[in-house]
Amino acid sequence: MGSVVAIVKTSSNPDIAEIREKVREIVNYLGGWEKFLHTGDRVLLKPNAGVVAGPETARNTDPRLVRAVVLELQQCGIKEIFIGESSVVGVNTREALNASGIEQVARDTGAVLLDLKGEYIEVTVQKPLQLSRIKIAKRTLEVDVIINLPKLKTICATPVSLGMKNLKGLLPDIEKKRFHYTDLNKAIVDLNKVIKPTLTIIDGIIASEMYSSRETNLLVGGTDIVAVDSVGARIIDVKPDKVDYLRLAAEHGLGESNPAKIQVKGCSIKEVFQPLTQAPDRYTAFANMFPEVRIIDGGACSGCVSTLYLALKNSRDRGLLKKYQELKIAIGPRVELNSEGNDVIFLGNCLKRYKDRHFIPGCPFIFLDFMTYLEKGIK
Ligand code: SF4
């Protein structure tokens with residue numbers, strides 16, 4: 001039997017002591033902390049803190065999980081513990097870490113926070129699918145152990161966002177943008193060829209289901225990131241072979257996605273199975289959810305797509321969409337509109353060439369600006 005993945009259940013509102021116990025349970029299924037840590041190791045925790053949002057939104061990794069892992073590491077004698085993130089394009093990492101509650105964890109425990117948008121090093125990808133060289137945050141390459149702490153998520157840009165995709169938060173913004181202008185799925189596989197976390201633990205205490213919170217009360221962990229993501233996907237009713245980067249990663253030998261070759265320990269997938277709402281494809285989902293909106297798709301990256309989803313959802317909640325029969329929105333760098341387009345809202349800096357029309361800047365654009373625009377009314 002190839003890879004081992006552990007699934008543990010948590011209670012509805014677990015405290016730190018319980019989460020530590022659950023983390024230890026996972027690690028023990030995998031061989032114990034001593035298998036992964038050595039005296040003097042420098043350990044980087046990579047939570048998902050992509051956006052400026054509080055723990056109640058479940059958009060970022062639960063700070064309780066980050067705290068539990070830091071305390072476990074300290075109990076094992078690890079002195080140099082870093083918590084690093086490079087938030088979504090255009091988002092200030094410090095603000096995201098602060099809002100997520102993770103900055104407080106660092107303050108309380110003495111772990112060192114790193115904004116990974118800073119210095120980077122370009123590394124070569126062996127047998128690349130898409131990118132022969134990738135710029136990686138320099139600090140990532142200076143540690144001995146990476147512990148990946150992604151959120152259990154369904155999103156617009158890909159069917160699931162779990163461990164493999166969470167590693168995009170080790171890239172400077174310039175590289176994240178390049179990922180979205182190319183084949184994102186292949187680029188994620190290439191990234192996972194050069195960065196190999198020692199351990200991945202998915203935070204499914206409260207999942208993020210298409211940008212809303214949903215209690216799922218579980219953690220999933222393992223050393224084979226492809227196997228962990230495959231099990232995480234199956235728990236929320238997503239077939240791993242429908243997630244392009246997972247399928248490609250398995251095909252290219254990065255890890256195991258075949259259920260017959262993954263040994264699941266702790267709970268079974270059946271015991272914790274909880275389907276989460278998924279986007280059939282990003283704009284089909286928008287069309288179904290917001291029939292009063294027509295999207296002109298120019299291949300926007302996930303920063304703008306996610307922001308647009310939030311902007312539309314909040315606009316609807318405030319009744320701002322009611323007055324539009326067909327609200328036209330252009331998004332992404334490849335939009336081409338000539339004489340038409342006076343009634344279109346152009347979103348994001350890559351459409352700056354339309355700045356004389358209805359244009360909302362930002363990379364990604366700011367969703368509050370979008371709502372202000374709707375409040376004023378499009379003429
Ligand atoms: S403006 Fe939006 S679509 Fe364009 S690069 Fe920035 S985040 Fe991506």
# chains A, B, ... in the order shown; residues from 1 in each chain; ligands from 1
call {"tool": "residues_around", "arguments": {"residues": "A:Tyr211", "least_positions_apart": "4", "cutoff": "9 Å", "atoms": "only C-alpha atoms", "output": "CSV table (one decimal) with all heavy atoms, in the first residue's frame"}}
result
chain,number,residue,atom,x,y,z
A,57,THR,N,-15.1,34.1,8.9
A,57,THR,CA,-15.4,34.0,7.4
A,57,THR,C,-14.9,32.6,6.9
A,57,THR,O,-15.4,32.2,5.8
A,57,THR,CB,-14.8,35.1,6.6
A,57,THR,OG1,-13.4,34.9,6.6
A,57,THR,CG2,-15.2,36.5,7.1
A,58,ALA,N,-14.0,32.0,7.6
A,58,ALA,CA,-13.4,30.8,7.1
A,58,ALA,C,-12.7,30.9,5.8
A,58,ALA,O,-12.4,29.9,5.1
A,58,ALA,CB,-14.4,29.6,7.1
A,59,ARG,N,-12.3,32.1,5.4
A,59,ARG,CA,-11.6,32.2,4.1
A,59,ARG,C,-10.1,31.8,4.3
A,59,ARG,O,-9.4,31.5,3.3
A,59,ARG,CB,-11.7,33.7,3.6
A,59,ARG,CG,-13.1,34.2,3.3
A,59,ARG,CD,-13.6,33.6,2.1
A,59,ARG,NE,-12.8,33.7,0.9
A,59,ARG,CZ,-12.6,34.8,0.2
A,59,ARG,NH1,-13.3,35.9,0.5
A,59,ARG,NH2,-11.8,34.8,-0.8
A,153,LYS,N,-11.4,24.0,0.8
A,153,LYS,CA,-12.1,25.0,0.1
A,153,LYS,C,-12.7,24.6,-1.3
A,153,LYS,O,-12.0,23.8,-2.0
A,153,LYS,CB,-11.2,26.2,-0.3
A,153,LYS,CG,-10.9,27.2,0.7
A,153,LYS,CD,-10.0,28.3,0.2
A,153,LYS,CE,-9.8,29.4,1.2
A,153,LYS,NZ,-9.0,30.5,0.7
A,154,THR,N,-13.9,25.1,-1.6
A,154,THR,CA,-14.3,25.1,-3.0
A,154,THR,C,-14.3,26.5,-3.5
A,154,THR,O,-14.7,27.4,-2.8
A,154,THR,CB,-15.6,24.4,-3.3
A,154,THR,OG1,-16.6,25.1,-2.5
A,154,THR,CG2,-15.6,22.9,-2.9
A,155,ILE,N,-13.8,26.7,-4.7
A,155,ILE,CA,-13.6,28.1,-5.2
A,155,ILE,C,-14.0,28.2,-6.7
A,155,ILE,O,-14.4,27.1,-7.3
A,155,ILE,CB,-12.2,28.6,-5.0
A,155,ILE,CG1,-11.2,27.7,-5.8
A,155,ILE,CG2,-11.8,28.7,-3.6
A,155,ILE,CD1,-9.8,28.2,-5.9
A,306,SER,N,-12.4,35.8,-7.7
A,306,SER,CA,-12.9,35.7,-6.4
A,306,SER,C,-13.5,37.0,-5.9
A,306,SER,O,-14.6,37.0,-5.2
A,306,SER,CB,-11.8,35.3,-5.4
A,306,SER,OG,-11.1,34.2,-5.9
A,309,TYR,N,-16.9,37.5,-7.4
A,309,TYR,CA,-18.0,36.7,-6.7
A,309,TYR,C,-18.4,37.4,-5.4
A,309,TYR,O,-19.6,37.6,-5.2
A,309,TYR,CB,-17.4,35.3,-6.4
A,309,TYR,CG,-18.4,34.5,-5.7
A,309,TYR,CD1,-19.4,33.8,-6.4
A,309,TYR,CD2,-18.4,34.4,-4.3
A,309,TYR,CE1,-20.4,33.0,-5.8
A,309,TYR,CE2,-19.4,33.6,-3.7
A,309,TYR,CZ,-20.3,32.9,-4.4
A,309,TYR,OH,-21.3,32.2,-3.7
A,310,LEU,N,-17.5,37.9,-4.6
A,310,LEU,CA,-17.8,38.5,-3.4
A,310,LEU,C,-18.6,39.8,-3.6
A,310,LEU,O,-19.5,40.1,-3.0
A,310,LEU,CB,-16.5,38.9,-2.6
A,310,LEU,CG,-15.9,37.9,-1.8
A,310,LEU,CD1,-14.7,38.5,-1.0
A,310,LEU,CD2,-16.9,37.4,-0.7
call {"tool": "residues_near_ligand", "arguments": {"ligand": "ligand 1", "cutoff": "8 Å", "atoms": "only C-alpha atoms and all ligand atoms", "output": "list of chain:residue names"}}
result
A:Val89, A:Gly90, A:Lys177, A:His180, A:Gly299, A:Ala300, A:Cys301, A:Ser302, A:Gly303, A:Cys304, A:Val305, A:Ile331, A:Gly332, A:Pro333, A:Leu347, A:Gly348, A:Asn349, A:Cys350, A:Leu351, A:Pro361, A:Gly362, A:Cys363, A:Pro364, A:Phe365
call {"tool": "write_last_selection", "arguments": {"atoms": "C-alpha atoms", "output": "PDB file, in the first residue's frame"}}
result
ATOM      1  CA  VAL A  89      -2.287  39.422  -5.780  1.00  0.00           C
ATOM      2  CA  GLY A  90      -2.907  42.980  -4.610  1.00  0.00           C
ATOM      3  CA  LYS A 177       0.137  36.594 -12.180  1.00  0.00           C
ATOM      4  CA  HIS A 180      -2.788  32.754 -14.199  1.00  0.00           C
ATOM      5  CA  GLY A 299      -9.202  35.158 -18.763  1.00  0.00           C
ATOM      6  CA  ALA A 300      -9.028  36.908 -15.385  1.00  0.00           C
ATOM      7  CA  CYS A 301      -6.930  35.370 -12.644  1.00  0.00           C
ATOM      8  CA  SER A 302      -8.396  34.076  -9.418  1.00  0.00           C
ATOM      9  CA  GLY A 303      -7.829  37.369  -7.549  1.00  0.00           C
ATOM     10  CA  CYS A 304     -10.371  39.204  -9.708  1.00  0.00           C
ATOM     11  CA  VAL A 305     -12.683  36.189 -10.126  1.00  0.00           C
ATOM     12  CA  ILE A 331     -12.834  41.078 -16.566  1.00  0.00           C
ATOM     13  CA  GLY A 332      -9.391  39.756 -17.492  1.00  0.00           C
ATOM     14  CA  PRO A 333      -6.565  40.935 -19.757  1.00  0.00           C
ATOM     15  CA  LEU A 347     -12.640  45.554 -13.697  1.00  0.00           C
ATOM     16  CA  GLY A 348      -8.989  45.452 -12.691  1.00  0.00           C
ATOM     17  CA  ASN A 349      -5.730  47.051 -13.734  1.00  0.00           C
ATOM     18  CA  CYS A 350      -5.215  44.794 -16.700  1.00  0.00           C
ATOM     19  CA  LEU A 351      -8.129  46.645 -18.358  1.00  0.00           C
ATOM     20  CA  PRO A 361      -8.865  49.883 -10.828  1.00  0.00           C
ATOM     21  CA  GLY A 362      -6.911  47.546  -8.589  1.00  0.00           C
ATOM     22  CA  CYS A 363      -5.132  44.239  -8.907  1.00  0.00           C
ATOM     23  CA  PRO A 364      -7.472  42.727  -8.032  1.00  0.00           C
ATOM     24  CA  PHE A 365     -10.103  45.486  -8.001  1.00  0.00           C
TER      25      PHE A 365
END
call {"tool": "closest_residue", "arguments": {"among": "A:Ile136, A:Ala330, A:Val88, A:Leu308", "to": "A:Phe370", "atoms": "only C-alpha atoms"}}
result
A:Leu308
call {"tool": "atom_distance", "arguments": {"atom1": "atom CA of A:Asp173", "atom2": "atom CA of A:Asp144"}}
result
24.0 Å
call {"tool": "atom_distance", "arguments": {"atom1": "atom CA of A:Asn185", "atom2": "atom CA of A:Tyr120"}}
result
21.9 Å
call {"tool": "closest_residue", "arguments": {"among": "A:Thr223, A:Thr39, A:Thr10, A:Asn338", "to": "A:Gly77", "atoms": "only C-alpha atoms"}}
result
A:Thr39
call {"tool": "residues_around", "arguments": {"residues": "A:Gly40", "least_positions_apart": "5", "cutoff": "12 Å", "atoms": "only C-alpha atoms", "output": "list in words"}}
result
Leu73, Gln74, Cys76, Gly77, Ile78, Lys79, Glu80, Ile81, Val143, Asp144 and Val145 of chain A
call {"tool": "decode", "arguments": {"residues": "stretch 226-262 of chain A", "atoms": "N, CA and C atoms", "output": "PDB file, in the first residue's frame"}}
result
ATOM      1  N   VAL A 226      -0.311  14.897  -2.919  1.00  0.00           N
ATOM      2  CA  VAL A 226      -1.309  14.507  -3.930  1.00  0.00           C
ATOM      3  C   VAL A 226      -2.350  13.591  -3.275  1.00  0.00           C
ATOM      4  N   ALA A 227      -1.872  12.680  -2.458  1.00  0.00           N
ATOM      5  CA  ALA A 227      -2.796  11.764  -1.773  1.00  0.00           C
ATOM      6  C   ALA A 227      -3.673  12.527  -0.777  1.00  0.00           C
ATOM      7  N   VAL A 228      -3.078  13.455  -0.043  1.00  0.00           N
ATOM      8  CA  VAL A 228      -3.856  14.240   0.928  1.00  0.00           C
ATOM      9  C   VAL A 228      -4.941  15.028   0.200  1.00  0.00           C
ATOM     10  N   ASP A 229      -4.560  15.693  -0.889  1.00  0.00           N
ATOM     11  CA  ASP A 229      -5.553  16.483  -1.640  1.00  0.00           C
ATOM     12  C   ASP A 229      -6.629  15.582  -2.263  1.00  0.00           C
ATOM     13  N   SER A 230      -6.233  14.422  -2.712  1.00  0.00           N
ATOM     14  CA  SER A 230      -7.201  13.503  -3.328  1.00  0.00           C
ATOM     15  C   SER A 230      -8.227  13.057  -2.300  1.00  0.00           C
ATOM     16  N   VAL A 231      -7.748  12.742  -1.104  1.00  0.00           N
ATOM     17  CA  VAL A 231      -8.674  12.326  -0.041  1.00  0.00           C
ATOM     18  C   VAL A 231      -9.543  13.522   0.366  1.00  0.00           C
ATOM     19  N   GLY A 232      -8.928  14.702   0.512  1.00  0.00           N
ATOM     20  CA  GLY A 232      -9.689  15.907   0.855  1.00  0.00           C
ATOM     21  C   GLY A 232     -10.782  16.166  -0.176  1.00  0.00           C
ATOM     22  N   ALA A 233     -10.439  16.009  -1.445  1.00  0.00           N
ATOM     23  CA  ALA A 233     -11.418  16.243  -2.517  1.00  0.00           C
ATOM     24  C   ALA A 233     -12.558  15.230  -2.436  1.00  0.00           C
ATOM     25  N   ARG A 234     -12.197  13.977  -2.209  1.00  0.00           N
ATOM     26  CA  ARG A 234     -13.248  12.944  -2.160  1.00  0.00           C
ATOM     27  C   ARG A 234     -14.182  13.162  -0.968  1.00  0.00           C
ATOM     28  N   ILE A 235     -13.649  13.659   0.129  1.00  0.00           N
ATOM     29  CA  ILE A 235     -14.498  13.926   1.306  1.00  0.00           C
ATOM     30  C   ILE A 235     -15.603  14.922   0.944  1.00  0.00           C
ATOM     31  N   ILE A 236     -15.274  15.896   0.083  1.00  0.00           N
ATOM     32  CA  ILE A 236     -16.291  16.913  -0.246  1.00  0.00           C
ATOM     33  C   ILE A 236     -16.949  16.620  -1.596  1.00  0.00           C
ATOM     34  N   ASP A 237     -16.820  15.372  -2.032  1.00  0.00           N
ATOM     35  CA  ASP A 237     -17.521  14.883  -3.225  1.00  0.00           C
ATOM     36  C   ASP A 237     -16.983  15.454  -4.542  1.00  0.00           C
ATOM     37  N   VAL A 238     -15.681  15.658  -4.584  1.00  0.00           N
ATOM     38  CA  VAL A 238     -15.040  16.054  -5.848  1.00  0.00           C
ATOM     39  C   VAL A 238     -14.134  14.898  -6.261  1.00  0.00           C
ATOM     40  N   LYS A 239     -14.325  14.415  -7.495  1.00  0.00           N
ATOM     41  CA  LYS A 239     -13.475  13.308  -7.947  1.00  0.00           C
ATOM     42  C   LYS A 239     -12.084  13.857  -8.296  1.00  0.00           C
ATOM     43  N   PRO A 240     -11.031  13.262  -7.729  1.00  0.00           N
ATOM     44  CA  PRO A 240      -9.686  13.805  -7.978  1.00  0.00           C
ATOM     45  C   PRO A 240      -9.351  13.918  -9.471  1.00  0.00           C
ATOM     46  N   ASP A 241      -9.864  12.983 -10.300  1.00  0.00           N
ATOM     47  CA  ASP A 241      -9.502  13.081 -11.722  1.00  0.00           C
ATOM     48  C   ASP A 241     -10.240  14.212 -12.439  1.00  0.00           C
ATOM     49  N   LYS A 242     -11.155  14.880 -11.729  1.00  0.00           N
ATOM     50  CA  LYS A 242     -11.825  16.065 -12.308  1.00  0.00           C
ATOM     51  C   LYS A 242     -11.062  17.351 -11.946  1.00  0.00           C
ATOM     52  N   VAL A 243     -10.057  17.196 -11.094  1.00  0.00           N
ATOM     53  CA  VAL A 243      -9.233  18.360 -10.731  1.00  0.00           C
ATOM     54  C   VAL A 243      -7.955  18.227 -11.558  1.00  0.00           C
ATOM     55  N   ASP A 244      -7.810  19.087 -12.561  1.00  0.00           N
ATOM     56  CA  ASP A 244      -6.736  18.885 -13.534  1.00  0.00           C
ATOM     57  C   ASP A 244      -5.348  18.773 -12.904  1.00  0.00           C
ATOM     58  N   TYR A 245      -5.055  19.646 -11.936  1.00  0.00           N
ATOM     59  CA  TYR A 245      -3.685  19.595 -11.400  1.00  0.00           C
ATOM     60  C   TYR A 245      -3.444  18.330 -10.581  1.00  0.00           C
ATOM     61  N   LEU A 246      -4.498  17.800  -9.965  1.00  0.00           N
ATOM     62  CA  LEU A 246      -4.339  16.546  -9.209  1.00  0.00           C
ATOM     63  C   LEU A 246      -4.113  15.375 -10.166  1.00  0.00           C
ATOM     64  N   ARG A 247      -4.918  15.370 -11.225  1.00  0.00           N
ATOM     65  CA  ARG A 247      -4.783  14.296 -12.216  1.00  0.00           C
ATOM     66  C   ARG A 247      -3.378  14.332 -12.850  1.00  0.00           C
ATOM     67  N   LEU A 248      -2.956  15.538 -13.243  1.00  0.00           N
ATOM     68  CA  LEU A 248      -1.639  15.671 -13.884  1.00  0.00           C
ATOM     69  C   LEU A 248      -0.517  15.294 -12.921  1.00  0.00           C
ATOM     70  N   ALA A 249      -0.665  15.718 -11.661  1.00  0.00           N
ATOM     71  CA  ALA A 249       0.371  15.411 -10.666  1.00  0.00           C
ATOM     72  C   ALA A 249       0.506  13.905 -10.493  1.00  0.00           C
ATOM     73  N   ALA A 250      -0.626  13.226 -10.434  1.00  0.00           N
ATOM     74  CA  ALA A 250      -0.581  11.762 -10.266  1.00  0.00           C
ATOM     75  C   ALA A 250       0.025  11.120 -11.518  1.00  0.00           C
ATOM     76  N   GLU A 251      -0.393  11.597 -12.688  1.00  0.00           N
ATOM     77  CA  GLU A 251       0.142  11.029 -13.940  1.00  0.00           C
ATOM     78  C   GLU A 251       1.657  11.203 -14.042  1.00  0.00           C
ATOM     79  N   HIS A 252       2.160  12.303 -13.484  1.00  0.00           N
ATOM     80  CA  HIS A 252       3.600  12.561 -13.582  1.00  0.00           C
ATOM     81  C   HIS A 252       4.364  12.116 -12.341  1.00  0.00           C
ATOM     82  N   GLY A 253       3.742  11.268 -11.544  1.00  0.00           N
ATOM     83  CA  GLY A 253       4.462  10.605 -10.454  1.00  0.00           C
ATOM     84  C   GLY A 253       4.758  11.471  -9.245  1.00  0.00           C
ATOM     85  N   LEU A 254       4.020  12.571  -9.068  1.00  0.00           N
ATOM     86  CA  LEU A 254       4.287  13.415  -7.889  1.00  0.00           C
ATOM     87  C   LEU A 254       3.671  12.834  -6.630  1.00  0.00           C
ATOM     88  N   GLY A 255       2.722  11.955  -6.791  1.00  0.00           N
ATOM     89  CA  GLY A 255       2.073  11.369  -5.624  1.00  0.00           C
ATOM     90  C   GLY A 255       0.941  10.471  -6.087  1.00  0.00           C
ATOM     91  N   GLU A 256       0.192   9.999  -5.134  1.00  0.00           N
ATOM     92  CA  GLU A 256      -0.835   8.989  -5.411  1.00  0.00           C
ATOM     93  C   GLU A 256      -2.240   9.575  -5.354  1.00  0.00           C
ATOM     94  N   SER A 257      -3.038   9.318  -6.371  1.00  0.00           N
ATOM     95  CA  SER A 257      -4.442   9.745  -6.277  1.00  0.00           C
ATOM     96  C   SER A 257      -5.398   8.564  -6.405  1.00  0.00           C
ATOM     97  N   ASN A 258      -4.837   7.400  -6.687  1.00  0.00           N
ATOM     98  CA  ASN A 258      -5.661   6.201  -6.832  1.00  0.00           C
ATOM     99  C   ASN A 258      -6.109   5.711  -5.449  1.00  0.00           C
ATOM    100  N   PRO A 259      -7.433   5.734  -5.175  1.00  0.00           N
ATOM    101  CA  PRO A 259      -7.903   5.346  -3.834  1.00  0.00           C
ATOM    102  C   PRO A 259      -7.431   3.959  -3.420  1.00  0.00           C
ATOM    103  N   ALA A 260      -7.262   3.071  -4.398  1.00  0.00           N
ATOM    104  CA  ALA A 260      -6.839   1.706  -4.057  1.00  0.00           C
ATOM    105  C   ALA A 260      -5.408   1.680  -3.522  1.00  0.00           C
ATOM    106  N   LYS A 261      -4.663   2.746  -3.798  1.00  0.00           N
ATOM    107  CA  LYS A 261      -3.262   2.765  -3.354  1.00  0.00           C
ATOM    108  C   LYS A 261      -3.029   3.752  -2.210  1.00  0.00           C
ATOM    109  N   ILE A 262      -4.107   4.273  -1.661  1.00  0.00           N
ATOM    110  CA  ILE A 262      -3.963   5.188  -0.509  1.00  0.00           C
ATOM    111  C   ILE A 262      -4.565   4.508   0.720  1.00  0.00           C
TER     112      ILE A 262
END
